[in-house]
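J.: The file below is structure_0.cif, mmCIF, C-alpha atoms:
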data_final
#
loop_
_atom_site.label_atom_id
_atom_site.label_comp_id
_atom_site.auth_asym_id
_atom_site.auth_seq_id
_atom_site.Cartn_x
_atom_site.Cartn_y
_atom_site.Cartn_z
CA LYS A 1 -32.38 -66.37 40.79
CA ASN A 2 -31.73 -65.19 44.35
CA GLN A 3 -30.97 -68.21 46.51
CA VAL A 4 -29.44 -69.04 49.85
CA GLU A 5 -28.10 -72.55 50.40
CA GLN A 6 -26.93 -73.90 53.72
CA SER A 7 -24.84 -76.92 54.51
CA PRO A 8 -24.85 -79.34 56.04
CA GLN A 9 -28.57 -79.92 56.38
CA SER A 10 -27.99 -81.51 59.77
CA LEU A 11 -25.02 -82.04 62.04
CA ILE A 12 -24.33 -84.03 65.19
CA ILE A 13 -21.36 -83.15 67.38
CA LEU A 14 -20.16 -83.93 70.89
CA GLU A 15 -20.30 -81.36 73.63
CA GLY A 16 -17.15 -79.27 73.79
CA LYS A 17 -16.28 -79.68 70.13
CA ASN A 18 -16.18 -76.88 67.55
CA CYS A 19 -18.22 -76.82 64.36
CA THR A 20 -18.69 -74.68 61.28
CA LEU A 21 -21.89 -74.13 59.34
CA GLN A 22 -21.87 -72.87 55.77
CA CYS A 23 -24.06 -70.46 53.84
CA ASN A 24 -23.66 -69.79 50.10
CA TYR A 25 -25.78 -67.21 48.37
CA THR A 26 -26.46 -65.89 44.90
CA VAL A 27 -28.35 -62.80 46.05
CA SER A 28 -27.69 -59.61 44.15
CA PRO A 29 -27.46 -56.76 44.87
CA PHE A 30 -26.33 -57.71 48.35
CA SER A 31 -27.31 -55.65 51.37
CA ASN A 32 -26.59 -57.69 54.50
CA LEU A 33 -26.41 -61.22 55.87
CA ARG A 34 -27.84 -62.42 59.17
CA TRP A 35 -27.49 -65.59 61.18
CA TYR A 36 -30.32 -66.69 63.44
CA LYS A 37 -30.60 -69.46 66.02
CA GLN A 38 -33.98 -71.10 66.44
CA ASP A 39 -34.73 -73.49 69.27
CA THR A 40 -37.49 -76.00 68.67
CA GLY A 41 -40.90 -74.45 69.23
CA ARG A 42 -39.54 -70.93 69.66
CA GLY A 43 -38.97 -67.87 67.50
CA PRO A 44 -35.52 -67.22 65.95
CA VAL A 45 -32.92 -65.23 67.87
CA SER A 46 -30.56 -62.93 66.02
CA LEU A 47 -26.87 -63.89 66.33
CA THR A 48 -25.07 -61.59 63.90
CA ILE A 49 -25.72 -59.03 61.18
CA MET A 50 -23.00 -58.35 58.60
CA THR A 51 -22.76 -55.84 55.80
CA PHE A 52 -20.66 -55.97 52.64
CA SER A 53 -17.64 -54.37 54.31
CA GLU A 54 -17.50 -56.69 57.32
CA ASN A 55 -15.41 -59.88 57.20
CA THR A 56 -16.08 -61.23 60.64
CA LYS A 57 -18.36 -60.62 63.59
CA SER A 58 -18.53 -62.41 66.92
CA ASN A 59 -21.26 -62.92 69.47
CA GLY A 60 -19.84 -64.89 72.39
CA ARG A 61 -18.92 -68.37 71.20
CA TYR A 62 -20.46 -67.65 67.77
CA THR A 63 -18.26 -66.15 65.05
CA ALA A 64 -19.60 -65.36 61.60
CA THR A 65 -17.43 -64.70 58.58
CA LEU A 66 -18.38 -63.18 55.27
CA ASP A 67 -16.60 -63.34 51.93
CA ALA A 68 -18.56 -61.02 49.65
CA ASP A 69 -16.38 -61.91 46.66
CA THR A 70 -17.20 -65.62 46.76
CA LYS A 71 -20.63 -64.98 48.29
CA GLN A 72 -20.01 -67.30 51.18
CA SER A 73 -20.56 -67.02 54.89
CA SER A 74 -19.79 -69.36 57.76
CA LEU A 75 -20.89 -69.58 61.36
CA HIS A 76 -18.31 -71.08 63.69
CA ILE A 77 -19.38 -72.35 67.10
CA THR A 78 -16.61 -72.78 69.63
CA ALA A 79 -16.69 -75.22 72.56
CA SER A 80 -20.25 -76.34 71.85
CA GLN A 81 -22.76 -76.72 74.64
CA LEU A 82 -25.94 -78.76 74.86
CA SER A 83 -27.92 -75.52 74.60
CA ASP A 84 -26.46 -74.95 71.13
CA SER A 85 -28.77 -77.68 69.83
CA ALA A 86 -31.03 -75.75 67.47
CA SER A 87 -31.58 -74.80 63.85
CA TYR A 88 -29.30 -72.12 62.44
CA ILE A 89 -30.73 -70.01 59.66
CA CYS A 90 -28.84 -67.79 57.23
CA VAL A 91 -30.78 -64.84 55.80
CA VAL A 92 -29.55 -62.58 53.03
CA SER A 93 -31.10 -59.22 52.31
CA SER A 94 -31.13 -57.91 48.76
CA ARG A 95 -30.98 -54.18 48.26
CA GLY A 96 -33.50 -52.83 45.85
CA GLY A 97 -36.37 -50.38 45.86
CA THR A 98 -37.22 -52.22 49.05
CA ASP A 99 -35.03 -54.83 50.70
CA LYS A 100 -35.96 -58.43 49.97
CA LEU A 101 -35.20 -61.19 52.44
CA ILE A 102 -34.06 -64.57 51.16
CA PHE A 103 -33.92 -67.35 53.72
CA GLY A 104 -31.81 -70.47 53.79
CA THR A 105 -33.48 -73.71 54.86
CA GLY A 106 -31.27 -73.96 57.91
CA THR A 107 -28.82 -76.39 59.49
CA ARG A 108 -30.14 -78.58 62.28
CA LEU A 109 -27.40 -78.94 64.92
CA GLN A 110 -27.58 -81.52 67.68
CA VAL A 111 -25.03 -81.48 70.48
CA PHE A 112 -24.69 -84.68 72.46
CA PRO A 113 -23.04 -85.08 75.87
CA LYS B 1 -38.56 -54.99 79.19
CA ALA B 2 -41.27 -57.27 77.86
CA GLY B 3 -40.54 -59.17 74.68
CA VAL B 4 -42.63 -59.51 71.56
CA THR B 5 -45.98 -61.06 72.30
CA GLN B 6 -48.26 -62.82 69.85
CA THR B 7 -51.84 -63.89 70.29
CA PRO B 8 -53.28 -66.38 70.06
CA ARG B 9 -50.51 -68.94 70.45
CA TYR B 10 -52.51 -71.75 68.85
CA LEU B 11 -55.44 -71.67 66.46
CA ILE B 12 -57.50 -74.24 64.59
CA LYS B 13 -59.60 -73.13 61.63
CA THR B 14 -61.36 -74.79 58.71
CA ARG B 15 -60.88 -74.15 55.01
CA GLY B 16 -62.58 -71.02 53.76
CA GLN B 17 -62.56 -69.25 57.11
CA GLN B 18 -60.54 -66.17 57.84
CA VAL B 19 -58.16 -65.51 60.72
CA THR B 20 -56.58 -62.49 62.39
CA LEU B 21 -53.32 -62.76 64.30
CA SER B 22 -52.00 -60.09 66.62
CA CYS B 23 -48.49 -58.95 67.47
CA SER B 24 -47.39 -56.52 70.16
CA PRO B 25 -43.80 -55.32 69.62
CA ILE B 26 -41.24 -54.46 72.24
CA SER B 27 -41.92 -51.03 73.71
CA GLY B 28 -40.25 -48.36 71.59
CA HIS B 29 -39.99 -50.55 68.50
CA ARG B 30 -41.66 -49.09 65.45
CA SER B 31 -40.98 -51.79 62.87
CA VAL B 32 -42.91 -55.03 62.77
CA SER B 33 -42.32 -57.86 60.30
CA TRP B 34 -44.32 -61.02 59.73
CA TYR B 35 -43.00 -64.41 58.61
CA GLN B 36 -44.50 -67.78 57.77
CA GLN B 37 -42.60 -70.93 58.71
CA THR B 38 -43.46 -74.40 57.41
CA PRO B 39 -41.46 -77.63 57.42
CA GLY B 40 -41.40 -77.69 53.62
CA GLN B 41 -40.68 -74.06 52.77
CA GLY B 42 -38.84 -72.92 55.87
CA LEU B 43 -39.06 -69.28 56.84
CA GLN B 44 -40.66 -66.92 54.35
CA PHE B 45 -41.10 -63.18 54.63
CA LEU B 46 -44.66 -61.88 54.50
CA PHE B 47 -44.47 -58.14 55.07
CA GLU B 48 -42.92 -55.36 57.11
CA TYR B 49 -44.61 -52.34 58.65
CA PHE B 50 -43.02 -49.17 59.91
CA SER B 51 -44.93 -46.25 61.37
CA GLU B 52 -48.25 -47.67 60.16
CA THR B 53 -47.02 -48.02 56.56
CA GLN B 54 -46.30 -51.25 54.75
CA ARG B 55 -42.67 -50.88 53.77
CA ASN B 56 -41.94 -54.24 52.24
CA LYS B 57 -43.91 -57.25 51.01
CA GLY B 58 -43.02 -60.83 50.21
CA ASN B 59 -44.41 -63.07 47.49
CA PHE B 60 -47.71 -64.08 49.03
CA PRO B 61 -51.19 -63.87 47.53
CA GLY B 62 -53.54 -61.04 48.36
CA ARG B 63 -55.36 -63.25 50.85
CA PHE B 64 -52.58 -62.30 53.25
CA SER B 65 -52.83 -58.77 54.53
CA GLY B 66 -51.73 -56.79 57.51
CA ARG B 67 -51.80 -53.45 59.20
CA GLN B 68 -50.05 -51.54 61.93
CA PHE B 69 -51.65 -49.26 64.45
CA SER B 70 -50.39 -45.98 65.87
CA ASN B 71 -49.10 -47.80 68.98
CA SER B 72 -47.01 -50.05 66.66
CA ARG B 73 -49.12 -53.11 67.39
CA SER B 74 -49.75 -55.10 64.24
CA GLU B 75 -52.33 -57.53 62.96
CA MET B 76 -52.13 -60.02 60.15
CA ASN B 77 -55.20 -61.34 58.40
CA VAL B 78 -55.58 -64.37 56.18
CA SER B 79 -58.85 -64.74 54.30
CA THR B 80 -60.29 -67.82 52.63
CA LEU B 81 -57.95 -70.18 54.45
CA GLU B 82 -56.39 -73.09 52.59
CA LEU B 83 -54.87 -76.26 53.99
CA GLY B 84 -51.45 -75.01 52.92
CA ASP B 85 -51.78 -72.01 55.20
CA SER B 86 -51.13 -74.28 58.18
CA ALA B 87 -47.90 -72.92 59.58
CA LEU B 88 -46.14 -71.11 62.38
CA TYR B 89 -46.61 -67.37 61.92
CA LEU B 90 -43.83 -65.34 63.47
CA CYS B 91 -43.75 -61.66 64.22
CA ALA B 92 -40.53 -59.72 64.77
CA SER B 93 -40.01 -56.18 65.95
CA SER B 94 -37.08 -53.77 65.73
CA ARG B 95 -36.47 -50.16 66.62
CA SER B 96 -36.34 -49.15 63.00
CA THR B 97 -35.79 -50.70 59.59
CA GLY B 98 -32.56 -51.69 57.87
CA LEU B 99 -29.69 -53.10 59.95
CA GLU B 100 -31.54 -53.17 63.24
CA THR B 101 -31.63 -56.39 65.23
CA GLN B 102 -35.00 -58.10 65.01
CA TYR B 103 -36.56 -59.70 68.06
CA PHE B 104 -38.99 -62.49 67.38
CA GLY B 105 -42.11 -63.48 69.24
CA PRO B 106 -43.00 -67.09 70.08
CA GLY B 107 -45.29 -67.37 67.06
CA THR B 108 -48.87 -68.38 66.42
CA ARG B 109 -49.33 -71.96 65.29
CA LEU B 110 -52.22 -72.13 62.83
CA LEU B 111 -53.78 -75.42 61.79
CA VAL B 112 -56.26 -75.39 58.92
CA LEU B 113 -58.50 -78.44 58.64
#
Please express what this file holds, its structure, as structure tokens.
T.:
Amino acid sequence: KNQVEQSPQSLIILEGKNCTLQCNYTVSPFSNLRWYKQDTGRGPVSLTIMTFSENTKSNGRYTATLDADTKQSSLHITASQLSDSASYICVVSSRGGTDKLIFGTGTRLQVFP
Amino acid sequence: KAGVTQTPRYLIKTRGQQVTLSCSPISGHRSVSWYQQTPGQGLQFLFEYFSETQRNKGNFPGRFSGRQFSNSRSEMNVSTLELGDSALYLCASSRSTGLETQYFGPGTRLLVL
């Protein structure tokens, strides 16, 4: 069964600290993996898109890694800011006759001053 | 450049009614996707339209339907509303399909009583 699991479910860190969010998937055949940031009450914002051949991709203080062999991805946030408080959602696309999108349930990150 | 707009932003309906939600993509974007987000299920993919054709469909009953017009604007319709249809409905647009970055609208919050 195609699944995307994210951990931890929630995370609290202090401003300025780094953190890493995890995404494990069992989606096959794999097409691409995306990380989104969603602020409360707003639509998601795309952070990164990674294909099978990409190991790492950065977007400012956000760095995503992908290990297609172990089917794991991580999102590393450097020098966290209060504005990083949001839900982070991992989405894996399965290649088929038409691409299917499988969503993780997200990690809720809270950054405190 | 204006972002993705969705109307209405909030809607209250009763069971058995039908509802139509509207999405205007970013100018020049030809792909529009619809998602349902609930606290219990998280984000779920409804369908994707490209150049007025439904390209992809998620696992939702036939009560959920959509269409795209020649100007790329899209509508989503839900007939015979159920309490479980209460959710945030998000629309996202992109220039094309595949690995394009999706830009989300603010969503329409639907409450079914």
J.: What separation in Å, quoted to one decimal, exists between CA of Val32 (chain B) and CA of Thr56 (chain A)?
T.: 27.6 Å
J.: Tell me, as a PyMOL selection string, which residues lie within 10 Å of Gly104 (chain A), counting all atoms listed in the file; anything in the same chain fewer than 5 positions away does not count.
T.: (chain A and resi 3-7+23-25+35+88-92) or (chain B and resi 41-44)
J.: Interatomic distance between CA of Ile77 (chain A) and CA of Lys100 (chain A)?
T.: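 CA of Lys100 (chain A) lies at a distance of 27.6 Å from CA of Ile77 (chain A).
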J.: Show me a table, sorted first by chain and then by increasing residue number, of the residues of chain B having an atom at most 9 Å from chain A, each with its shortest atom pair and the distance in Å to one decimal, counting all atoms listed in the file and written as a tab-separated table.
T.:
residue	atom	partner	partner_atom	distance
B:Gly40	CA	A:Thr105	CA	9.0
B:Gln41	CA	A:Thr105	CA	7.5
B:Gly42	CA	A:Thr105	CA	5.5
B:Leu43	CA	A:Phe103	CA	6.3
B:Gln44	CA	A:Phe103	CA	6.8
B:Phe45	CA	A:Leu101	CA	6.6
B:Arg55	CA	A:Thr98	CA	7.3
B:Asn56	CA	A:Thr98	CA	6.0
B:Lys57	CA	A:Lys100	CA	8.1
B:Gly58	CA	A:Lys100	CA	7.5
B:Leu90	CA	A:Gly43	CA	6.8
B:Cys91	CA	A:Gly43	CA	8.5
B:Ala92	CA	A:Gly43	CA	8.7
B:Gly98	CA	A:Asp99	CA	8.2
B:Leu99	CA	A:Ile49	CA	7.2
B:Glu100	CA	A:Ile49	CA	8.5
B:Thr101	CA	A:Ser46	CA	6.7
B:Gln102	CA	A:Ser46	CA	6.6
B:Tyr103	CA	A:Val45	CA	6.6
B:Phe104	CA	A:Gly43	CA	5.4
B:Gly105	CA	A:Gly43	CA	5.7
B:Pro106	CA	A:Gly43	CA	4.8
B:Gly107	CA	A:Gly43	CA	6.4
J.: So that I can see what lies close to region 10-17 of chain B, please list as a compact mmCIF listing (two decimals) with C-alpha atoms, in the frame of the given file the residues with an atom at most 9 Å from it, counting all atoms listed in the file and leaving out residues fewer than 5 positions away in the same chain.
T.:
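Final output, around.txt:
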# COMPACT_ATOMS: atom_id res chain seq x y z
CA VAL B 78 -55.58 -64.37 56.18
CA SER B 79 -58.85 -64.74 54.30
CA THR B 80 -60.29 -67.82 52.63
CA LEU B 81 -57.95 -70.18 54.45
CA GLU B 82 -56.39 -73.09 52.59
CA LEU B 83 -54.87 -76.26 53.99
CA GLY B 107 -45.29 -67.37 67.06
CA THR B 108 -48.87 -68.38 66.42
CA ARG B 109 -49.33 -71.96 65.29
CA LEU B 110 -52.22 -72.13 62.83
CA LEU B 111 -53.78 -75.42 61.79
CA VAL B 112 -56.26 -75.39 58.92
CA LEU B 113 -58.50 -78.44 58.64
J.: Taking the file as shown, what set of residues would the PyMOL selection byres ((chain B and resi 21) around 12) give back, as a PyMOL selection string?
T.: chain B and resi 5-11+18-20+22-24+34-35+64-68+73-79+88-91+107-110
J.: Please compute the CA of Leu82 (chain A)-CA of Thr20 (chain A) distance, one decimal, in Å.
T.: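 Between CA of Leu82 (chain A) and CA of Thr20 (chain A) the gap is 15.9 Å.
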J.: Centre and edge lengths of an axis-aligned box around all listed atoms of region 56-59 of chain A, with 3 Å added on each side, are to be given in Å to one decimal, as JSON.
T.:
{"center_x": -18.7, "center_y": -61.8, "center_z": 65.1, "size_x": 11.2, "size_y": 8.3, "size_z": 14.8}
J.: Contacts of Gly60 (chain A) at 12 Å or less, counting all atoms listed in the file, minus same-chain residues fewer than 3 places along, as a list in words?
T.: Leu47, Thr48, Lys57, Thr63, Ala64, His76, Ile77, Thr78, Ala79 and Ser80 of chain A
J.: Between B:Gly84, B:Gly62, B:Pro25, B:Thr97, which residue has the minimum interatomic distance to Phe50 (chain B), considering all atoms listed in the file?
T.: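 Of B:Gly84, B:Gly62, B:Pro25, B:Thr97, the one nearest Phe50 (chain B), counting all atoms listed in the file, is B:Thr97.
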J.: Which residues, protein or nucleic acid, reach to within 10 Å of (-16.2, -61.8, 50.7) in the file's coordinates when using only C-alpha atoms, and can you give that as a ChimeraX atom specification?
T.: /A:52-56,65-73
J.: From (-26.1, -62.3, 44.8), in the file's coordinates, out to 8 Å: which residues are reached, counting only C-alpha atoms? Answer as a PDB file with C-alpha atoms, in the coordinates of the input.
T.:
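Contents of selection38.pdb, as written:
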ATOM      1  CA  ASN A   2     -31.730 -65.190  44.350  1.00  0.00           C
ATOM      2  CA  GLN A   3     -30.970 -68.210  46.510  1.00  0.00           C
ATOM      3  CA  TYR A  25     -25.780 -67.210  48.370  1.00  0.00           C
ATOM      4  CA  THR A  26     -26.460 -65.890  44.900  1.00  0.00           C
ATOM      5  CA  VAL A  27     -28.350 -62.800  46.050  1.00  0.00           C
ATOM      6  CA  SER A  28     -27.690 -59.610  44.150  1.00  0.00           C
ATOM      7  CA  PRO A  29     -27.460 -56.760  44.870  1.00  0.00           C
ATOM      8  CA  PHE A  30     -26.330 -57.710  48.350  1.00  0.00           C
ATOM      9  CA  LYS A  71     -20.630 -64.980  48.290  1.00  0.00           C
ATOM     10  CA  SER A  94     -31.130 -57.910  48.760  1.00  0.00           C
TER      11      SER A  94
END
